[in-house]
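Source file run03.csv; content: CSV, C-alpha atoms and all ligand atoms.
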chain,number,residue,atom,x,y,z
A,1,MET,CA,-3.0,23.3,-36.2
A,2,ASN,CA,0.8,23.0,-36.1
A,3,MET,CA,1.8,19.6,-34.9
A,4,GLN,CA,5.2,20.7,-33.7
A,5,ASN,CA,6.2,17.8,-31.6
A,6,ASP,CA,5.0,14.4,-30.1
A,7,VAL,CA,3.5,15.9,-26.9
A,8,ILE,CA,1.2,18.2,-28.9
A,9,LYS,CA,0.3,15.3,-31.2
A,10,THR,CA,-0.5,13.0,-28.3
A,11,ILE,CA,-2.6,15.7,-26.7
A,12,HIS,CA,-4.5,16.4,-30.0
A,13,PHE,CA,-5.1,12.7,-30.8
A,14,ARG,CA,-5.9,11.4,-27.3
A,15,ARG,CA,-9.4,10.1,-27.5
A,16,SER,CA,-12.0,8.2,-25.4
A,17,VAL,CA,-11.8,4.6,-26.4
A,18,PHE,CA,-14.6,2.3,-25.2
A,19,GLN,CA,-14.9,-1.4,-24.4
A,20,ALA,CA,-16.5,-2.2,-27.8
A,21,ASN,CA,-13.1,-1.3,-29.3
A,22,PHE,CA,-10.9,-3.1,-26.8
A,23,THR,CA,-9.0,-6.1,-27.9
A,24,ASP,CA,-8.0,-9.1,-25.7
A,25,LYS,CA,-4.3,-8.1,-25.6
A,26,GLU,CA,-3.1,-7.8,-22.1
A,27,VAL,CA,-2.2,-4.3,-20.7
A,28,SER,CA,1.1,-5.2,-19.1
A,29,LYS,CA,1.9,-4.3,-15.5
A,30,GLU,CA,5.0,-2.5,-16.9
A,31,ASP,CA,2.7,-0.3,-19.0
A,32,LEU,CA,0.4,0.2,-16.0
A,33,TYR,CA,3.3,1.4,-13.9
A,34,THR,CA,4.3,3.8,-16.7
A,35,ILE,CA,0.8,5.1,-16.8
A,36,LEU,CA,0.6,5.4,-13.0
A,37,GLN,CA,4.0,7.1,-12.7
A,38,SER,CA,2.8,9.6,-15.3
A,39,ALA,CA,-0.3,10.3,-13.1
A,40,ASN,CA,2.0,10.7,-10.2
A,41,ALA,CA,3.9,13.5,-12.0
A,42,ALA,CA,0.9,15.8,-12.0
A,43,PRO,CA,1.1,19.3,-10.6
A,44,THR,CA,-0.1,19.6,-7.0
A,45,HIS,CA,-0.4,22.6,-4.7
A,46,LYS,CA,1.7,22.2,-1.5
A,47,ARG,CA,2.6,18.8,-3.0
A,48,THR,CA,-0.3,17.2,-1.3
A,49,GLN,CA,-0.4,14.6,-4.1
A,50,PRO,CA,-4.1,13.9,-3.5
A,51,TRP,CA,-4.5,11.2,-6.2
A,52,ARG,CA,-4.9,7.6,-5.1
A,53,PHE,CA,-5.6,4.6,-7.3
A,54,VAL,CA,-6.9,1.1,-7.0
A,55,ILE,CA,-5.9,-1.0,-10.0
A,56,PHE,CA,-8.1,-3.9,-11.1
A,57,ARG,CA,-6.8,-6.7,-13.3
A,58,LYS,CA,-7.7,-10.3,-14.0
A,59,ASP,CA,-10.1,-11.6,-11.3
A,60,GLY,CA,-10.1,-8.1,-9.8
A,61,LEU,CA,-12.1,-7.0,-12.8
A,62,LYS,CA,-14.6,-9.7,-12.2
A,63,ARG,CA,-15.0,-8.6,-8.6
A,64,LEU,CA,-15.4,-5.0,-9.6
A,65,GLY,CA,-18.0,-5.9,-12.3
A,66,LYS,CA,-20.0,-7.9,-9.8
A,67,GLU,CA,-19.8,-5.1,-7.3
A,68,LEU,CA,-21.0,-2.5,-9.8
A,69,ALA,CA,-23.9,-4.7,-10.8
A,70,THR,CA,-24.9,-5.4,-7.2
A,71,ILE,CA,-24.8,-1.7,-6.4
A,72,TYR,CA,-27.0,-0.9,-9.4
A,73,LYS,CA,-29.5,-3.6,-8.4
A,74,THR,CA,-29.5,-2.4,-4.8
A,75,ILE,CA,-29.9,1.4,-5.3
A,76,THR,CA,-32.2,1.4,-8.4
A,77,PRO,CA,-35.9,1.7,-7.6
A,78,ALA,CA,-37.9,-1.3,-8.8
A,79,ASP,CA,-39.8,0.8,-11.5
A,80,LYS,CA,-36.5,2.0,-13.0
A,81,TYR,CA,-34.6,-1.3,-12.8
A,82,ASN,CA,-33.4,-2.7,-16.1
A,83,PRO,CA,-31.6,-6.1,-16.2
A,84,ALA,CA,-29.7,-5.0,-19.4
A,85,VAL,CA,-28.2,-2.0,-17.5
A,86,GLU,CA,-27.2,-4.4,-14.6
A,87,GLU,CA,-25.5,-6.7,-17.1
A,88,ASN,CA,-23.8,-3.7,-18.9
A,89,MET,CA,-22.4,-2.4,-15.6
A,90,GLU,CA,-20.7,-5.7,-15.0
A,91,LYS,CA,-19.5,-5.9,-18.7
A,92,LYS,CA,-17.8,-2.5,-18.5
A,93,ALA,CA,-15.3,-4.1,-16.1
A,94,THR,CA,-15.1,-7.6,-17.6
A,95,MET,CA,-14.7,-6.3,-21.2
A,96,SER,CA,-11.7,-4.1,-20.1
A,97,ASN,CA,-8.2,-5.3,-19.6
A,98,ALA,CA,-7.6,-3.1,-16.6
A,99,ALA,CA,-9.6,-0.6,-14.6
A,100,ILE,CA,-8.2,2.1,-12.3
A,101,ALA,CA,-10.5,3.5,-9.6
A,102,ILE,CA,-9.7,7.2,-9.2
A,103,ILE,CA,-9.7,8.5,-5.7
A,104,VAL,CA,-9.2,12.0,-4.2
A,105,ASN,CA,-7.5,12.1,-0.8
A,106,TYR,CA,-8.6,15.4,0.9
A,107,SER,CA,-5.7,16.6,3.1
A,108,ASN,CA,-7.3,19.8,4.6
A,109,GLU,CA,-4.0,21.6,3.6
A,110,VAL,CA,-5.5,23.3,0.5
A,111,PRO,CA,-9.1,24.0,-0.6
A,112,GLU,CA,-11.0,20.8,-1.6
A,113,TRP,CA,-11.4,22.0,-5.2
A,114,GLU,CA,-7.6,22.2,-5.5
A,115,GLU,CA,-7.3,18.5,-4.5
A,116,LEU,CA,-10.0,17.7,-7.0
A,117,ALA,CA,-8.3,19.7,-9.7
A,118,ALA,CA,-4.9,18.1,-9.0
A,119,THR,CA,-6.4,14.6,-9.2
A,120,ALA,CA,-8.1,15.6,-12.6
A,121,CYS,CA,-4.6,16.7,-13.8
A,122,SER,CA,-3.3,13.2,-12.8
A,123,VAL,CA,-6.1,11.6,-14.8
A,124,GLN,CA,-5.2,13.6,-17.9
A,125,ASN,CA,-1.5,12.5,-17.5
A,126,MET,CA,-2.7,8.9,-17.2
A,127,TRP,CA,-4.9,9.3,-20.3
A,128,LEU,CA,-2.1,10.9,-22.3
A,129,ALA,CA,0.4,8.3,-21.2
A,130,SER,CA,-2.0,5.4,-22.1
A,131,SER,CA,-2.7,7.0,-25.5
A,132,SER,CA,1.0,7.4,-26.3
A,133,LEU,CA,1.5,3.7,-25.5
A,134,GLY,CA,-1.3,2.7,-27.9
A,135,ILE,CA,-3.6,1.9,-25.0
A,136,GLY,CA,-7.2,3.2,-25.1
A,137,GLY,CA,-9.4,4.2,-22.3
A,138,TYR,CA,-11.8,6.6,-20.8
A,139,TRP,CA,-12.9,8.1,-17.5
A,140,ALA,CA,-16.3,6.8,-16.4
A,141,THR,CA,-18.3,8.6,-13.8
A,142,PRO,CA,-21.5,6.7,-13.2
A,143,GLY,CA,-23.5,7.6,-10.1
A,144,LEU,CA,-22.7,4.2,-8.7
A,145,ILE,CA,-19.2,5.4,-7.8
A,146,ASN,CA,-20.6,7.2,-4.8
A,147,HIS,CA,-21.4,3.7,-3.4
A,148,LEU,CA,-18.0,2.1,-3.8
A,149,GLY,CA,-16.5,3.4,-0.5
A,150,THR,CA,-16.6,0.1,1.4
A,151,PHE,CA,-15.5,-2.0,-1.6
A,152,LEU,CA,-12.6,0.3,-2.3
A,153,LYS,CA,-11.8,0.6,1.5
A,154,LEU,CA,-11.8,4.4,1.3
A,155,HIS,CA,-11.0,6.5,4.4
A,156,GLU,CA,-13.4,9.2,5.6
A,157,ASN,CA,-11.3,11.9,3.8
A,158,GLN,CA,-11.4,10.1,0.4
A,159,LYS,CA,-13.8,10.1,-2.5
A,160,CYS,CA,-14.0,8.0,-5.6
A,161,ILE,CA,-14.4,10.3,-8.6
A,162,GLY,CA,-14.5,7.7,-11.4
A,163,ILE,CA,-13.1,4.6,-13.0
A,164,PHE,CA,-10.6,4.7,-15.8
A,165,TYR,CA,-11.2,1.7,-18.0
A,166,LEU,CA,-8.3,0.5,-20.2
A,167,GLY,CA,-7.6,-1.8,-23.1
A,168,HIS,CA,-5.5,-2.2,-26.2
A,169,HIS,CA,-7.5,-1.3,-29.2
A,170,GLU,CA,-7.6,-1.0,-33.0
A,171,SER,CA,-9.5,2.2,-33.5
A,172,GLU,CA,-8.3,4.8,-35.9
A,173,ALA,CA,-6.8,8.1,-34.7
A,174,ARG,CA,-9.6,10.7,-34.5
A,175,GLU,CA,-9.6,14.5,-34.4
A,176,PRO,CA,-11.2,16.0,-31.3
A,177,VAL,CA,-14.8,17.1,-31.8
A,178,ARG,CA,-14.8,20.6,-30.3
A,179,SER,CA,-16.1,24.0,-31.1
A,180,SER,CA,-13.4,26.5,-32.1
A,181,ILE,CA,-11.0,27.8,-29.5
A,182,GLU,CA,-11.9,31.3,-30.9
A,183,GLU,CA,-15.3,31.0,-29.1
A,184,LYS,CA,-13.6,30.5,-25.8
A,185,ILE,CA,-10.8,33.1,-25.7
A,186,ARG,CA,-10.4,36.9,-25.6
A,187,TRP,CA,-7.0,38.5,-26.2
A,188,GLU,CA,-6.1,41.6,-24.2
A,189,GLU,CA,-3.0,43.2,-25.8
B,201,LIG,C1,-14.7,14.3,-15.7
B,201,LIG,C2,-15.1,13.4,-16.9
B,201,LIG,C3,-16.1,12.4,-16.7
B,201,LIG,C4,-16.5,11.6,-17.8
B,201,LIG,N1,-17.4,10.6,-17.6
B,201,LIG,C5,-17.8,9.8,-18.6
B,201,LIG,C6,-18.7,8.8,-18.4
B,201,LIG,O1,-19.3,8.6,-17.3
B,201,LIG,N2,-19.1,8.0,-19.4
B,201,LIG,C7,-18.5,8.2,-20.7
B,201,LIG,O2,-18.8,7.4,-21.6
B,201,LIG,N3,-17.5,9.1,-20.9
B,201,LIG,C8,-17.2,9.9,-19.9
B,201,LIG,N4,-16.2,10.9,-20.1
B,201,LIG,C9,-15.5,10.9,-21.4
B,201,LIG,C10,-16.1,12.0,-22.3
B,201,LIG,O3,-17.4,11.5,-22.7
B,201,LIG,C11,-15.2,12.3,-23.4
B,201,LIG,O4,-14.0,12.8,-22.9
B,201,LIG,C12,-15.8,13.3,-24.4
B,201,LIG,O5,-16.9,12.7,-25.1
B,201,LIG,C13,-14.8,13.8,-25.4
B,201,LIG,O6,-14.3,12.8,-26.2
B,201,LIG,P1,-12.7,12.5,-26.3
B,201,LIG,O7,-12.2,12.1,-24.9
B,201,LIG,O8,-12.6,11.4,-27.3
B,201,LIG,O9,-12.1,13.8,-26.8
B,201,LIG,C14,-15.8,11.7,-19.0
B,201,LIG,C15,-14.8,12.7,-19.2
B,201,LIG,C16,-14.4,13.5,-18.2
B,201,LIG,C17,-13.4,14.5,-18.3
Kindly return the structure encoded in the file as structure tokens.
Amino acid sequence: MNMQNDVIKTIHFRRSVFQANFTDKEVSKEDLYTILQSANAAPTHKRTQPWRFVIFRKDGLKRLGKELATIYKTITPADKYNPAVEENMEKKATMSNAAIAIIVNYSNEVPEWEELAATACSVQNMWLASSSLGIGGYWATPGLINHLGTFLKLHENQKCIGIFYLGHHESEAREPVRSSIEEKIRWEE
């Protein structure tokens, strides 16, 4: 692949980086603003700008972790309950340096899938911006997010579609693991 410029390089080497690789270094509010402004530059039909974010840092991460653990305990049937999973749910938040709840705000002005697609575009912008700043992260979509409405103070027309966990990290740059683009395209010339 021809790495012609920094944008293409950032896209190519953006990876999911998980809590095990996060360091304790603080993700600054300034960097978070840069990441969120990048999300806000995503394309959006009729400029509905459906993405909403709740940013957790410091004690906010502890509250998020406790909430995820409580939800897991509450909704998991007794025969499926595993205390290690409950602990892990909490750790995902507390081992991160910041977490961003990703919310779609449905406006009724365009089909719902377009609002979802635009919000996904904003997440990719966020991911690329983080990566370019040396900050790792990934989009997590556990089933528990469907129970976060009250905690996140969501309105009726809003839905949480994941949590973006962030942290500085020391992992090596990795190539994407993908089957060839040739399997996914057809030229008509
Ligand atoms: C919509 C979406 C949901 C995802 N949900 C999860 C998740 O719940 N847990 C997880 O570990 N990774 C999740 N991921 C990250 C993918 O696992 C990751 O992007 C994929 O393995 C490719 O790796 P890469 O991002 O390093 O290229 C999600 C990614 C997307 C786009």
- Query: Which is closest to A:Phe151 among A:Leu64, A:Val85, A:Ala117, A:Val104, if we use only C-alpha atoms?
  - Reply: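 Ranked by minimum distance to A:Phe151, first place goes to A:Leu64.
Taking atom C1 of ligand LIG 201 (chain B) and atom CA of A:Thr119 as the two end points, the separation is 10.5 Å.
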- atom CA of A:Ile100 and atom CA of A:Trp139 are how many Å apart? 9.2 Å
- Message: My list of candidates is A:Pro83, A:Gly65, A:Gly134, A:Gly162. Which is closest to A:Phe53 when distances are computed with all atoms listed in the file?
- Response: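 Closest candidate: A:Gly162.
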- Could you tell me how far atom CA of A:Leu61 lies from atom CA of A:Tyr165, in Å and to one decimal?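 These two atoms are separated by 10.2 Å.
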- Considering all atoms listed in the file, return as a list of chain:residue names whatever protein or nucleic-acid residues lie within 8 Å of A:Ala41, sequence-local ones (same chain, fewer than 3 positions apart) excluded.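 Here the qualifying residues turn out to be A:Gln37, A:Ser38, A:Ser122, A:Asn125.
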- Residues at most 12 Å from ligand LIG 201 (chain B), using all atoms listed in the file? Could they come as an MDAnalysis selection string? chainID A and resid 10:20 89 92 102 116:117 119:124 127:128 131 136:145 160:165 171:179
Residues from the last selection, C-alpha atoms, saved as a PDB file, in the coordinates of the input:
ATOM      1  CA  THR A  10      -0.500  13.000 -28.300  1.00  0.00           C
ATOM      2  CA  ILE A  11      -2.600  15.700 -26.700  1.00  0.00           C
ATOM      3  CA  HIS A  12      -4.500  16.400 -30.000  1.00  0.00           C
ATOM      4  CA  PHE A  13      -5.100  12.700 -30.800  1.00  0.00           C
ATOM      5  CA  ARG A  14      -5.900  11.400 -27.300  1.00  0.00           C
ATOM      6  CA  ARG A  15      -9.400  10.100 -27.500  1.00  0.00           C
ATOM      7  CA  SER A  16     -12.000   8.200 -25.400  1.00  0.00           C
ATOM      8  CA  VAL A  17     -11.800   4.600 -26.400  1.00  0.00           C
ATOM      9  CA  PHE A  18     -14.600   2.300 -25.200  1.00  0.00           C
ATOM     10  CA  GLN A  19     -14.900  -1.400 -24.400  1.00  0.00           C
ATOM     11  CA  ALA A  20     -16.500  -2.200 -27.800  1.00  0.00           C
ATOM     12  CA  MET A  89     -22.400  -2.400 -15.600  1.00  0.00           C
ATOM     13  CA  LYS A  92     -17.800  -2.500 -18.500  1.00  0.00           C
ATOM     14  CA  ILE A 102      -9.700   7.200  -9.200  1.00  0.00           C
ATOM     15  CA  LEU A 116     -10.000  17.700  -7.000  1.00  0.00           C
ATOM     16  CA  ALA A 117      -8.300  19.700  -9.700  1.00  0.00           C
ATOM     17  CA  THR A 119      -6.400  14.600  -9.200  1.00  0.00           C
ATOM     18  CA  ALA A 120      -8.100  15.600 -12.600  1.00  0.00           C
ATOM     19  CA  CYS A 121      -4.600  16.700 -13.800  1.00  0.00           C
ATOM     20  CA  SER A 122      -3.300  13.200 -12.800  1.00  0.00           C
ATOM     21  CA  VAL A 123      -6.100  11.600 -14.800  1.00  0.00           C
ATOM     22  CA  GLN A 124      -5.200  13.600 -17.900  1.00  0.00           C
ATOM     23  CA  TRP A 127      -4.900   9.300 -20.300  1.00  0.00           C
ATOM     24  CA  LEU A 128      -2.100  10.900 -22.300  1.00  0.00           C
ATOM     25  CA  SER A 131      -2.700   7.000 -25.500  1.00  0.00           C
ATOM     26  CA  GLY A 136      -7.200   3.200 -25.100  1.00  0.00           C
ATOM     27  CA  GLY A 137      -9.400   4.200 -22.300  1.00  0.00           C
ATOM     28  CA  TYR A 138     -11.800   6.600 -20.800  1.00  0.00           C
ATOM     29  CA  TRP A 139     -12.900   8.100 -17.500  1.00  0.00           C
ATOM     30  CA  ALA A 140     -16.300   6.800 -16.400  1.00  0.00           C
ATOM     31  CA  THR A 141     -18.300   8.600 -13.800  1.00  0.00           C
ATOM     32  CA  PRO A 142     -21.500   6.700 -13.200  1.00  0.00           C
ATOM     33  CA  GLY A 143     -23.500   7.600 -10.100  1.00  0.00           C
ATOM     34  CA  LEU A 144     -22.700   4.200  -8.700  1.00  0.00           C
ATOM     35  CA  ILE A 145     -19.200   5.400  -7.800  1.00  0.00           C
ATOM     36  CA  CYS A 160     -14.000   8.000  -5.600  1.00  0.00           C
ATOM     37  CA  ILE A 161     -14.400  10.300  -8.600  1.00  0.00           C
ATOM     38  CA  GLY A 162     -14.500   7.700 -11.400  1.00  0.00           C
ATOM     39  CA  ILE A 163     -13.100   4.600 -13.000  1.00  0.00           C
ATOM     40  CA  PHE A 164     -10.600   4.700 -15.800  1.00  0.00           C
ATOM     41  CA  TYR A 165     -11.200   1.700 -18.000  1.00  0.00           C
ATOM     42  CA  SER A 171      -9.500   2.200 -33.500  1.00  0.00           C
ATOM     43  CA  GLU A 172      -8.300   4.800 -35.900  1.00  0.00           C
ATOM     44  CA  ALA A 173      -6.800   8.100 -34.700  1.00  0.00           C
ATOM     45  CA  ARG A 174      -9.600  10.700 -34.500  1.00  0.00           C
ATOM     46  CA  GLU A 175      -9.600  14.500 -34.400  1.00  0.00           C
ATOM     47  CA  PRO A 176     -11.200  16.000 -31.300  1.00  0.00           C
ATOM     48  CA  VAL A 177     -14.800  17.100 -31.800  1.00  0.00           C
ATOM     49  CA  ARG A 178     -14.800  20.600 -30.300  1.00  0.00           C
ATOM     50  CA  SER A 179     -16.100  24.000 -31.100  1.00  0.00           C
TER      51      SER A 179
END
- Message: Taking 5 positions as the minimum chain separation for residues in the same chain, which residues sit within 8 Å of A:Lys25 when counting all atoms listed in the file? Answer as a list in words.
- Response: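 Returned residues: Asn97, Gly167 and His168 of chain A.
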- Item | Residue contacts of A:Leu32 (12 Å, only C-alpha atoms) excluding same-chain residues fewer than 2 positions away, as a PyMOL selection string | chain A and resi 26-30+34-39+53-57+97-100+126-127+129-130+133+135+164-167
- Shortest contact to A:Ala42, candidates A:Ala118, A:Glu87, A:Asp24, A:Trp187, atoms counted all atoms listed in the file, goes to A:Ala118
- Dig up all the protein and nucleic acid residues within 9 Å of (-0.7, 19.0, -1.6) in the file frame, using only C-alpha atoms, and format them as an MDAnalysis selection string. chainID A and resid 44:50 107 109:110 114:115 118
- Which of these residues is nearest to A:Ala93, using all atoms listed in the file: A:Ser180, A:Thr150, A:Pro43, A:Ala69?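 Closest residue, counting all atoms listed in the file: A:Ala69.
Comparing A:Ser96, A:Thr74, A:Asn157, A:Asn21 by their smallest distance to A:Glu170, the closest is A:Asn21 (using all atoms listed in the file).
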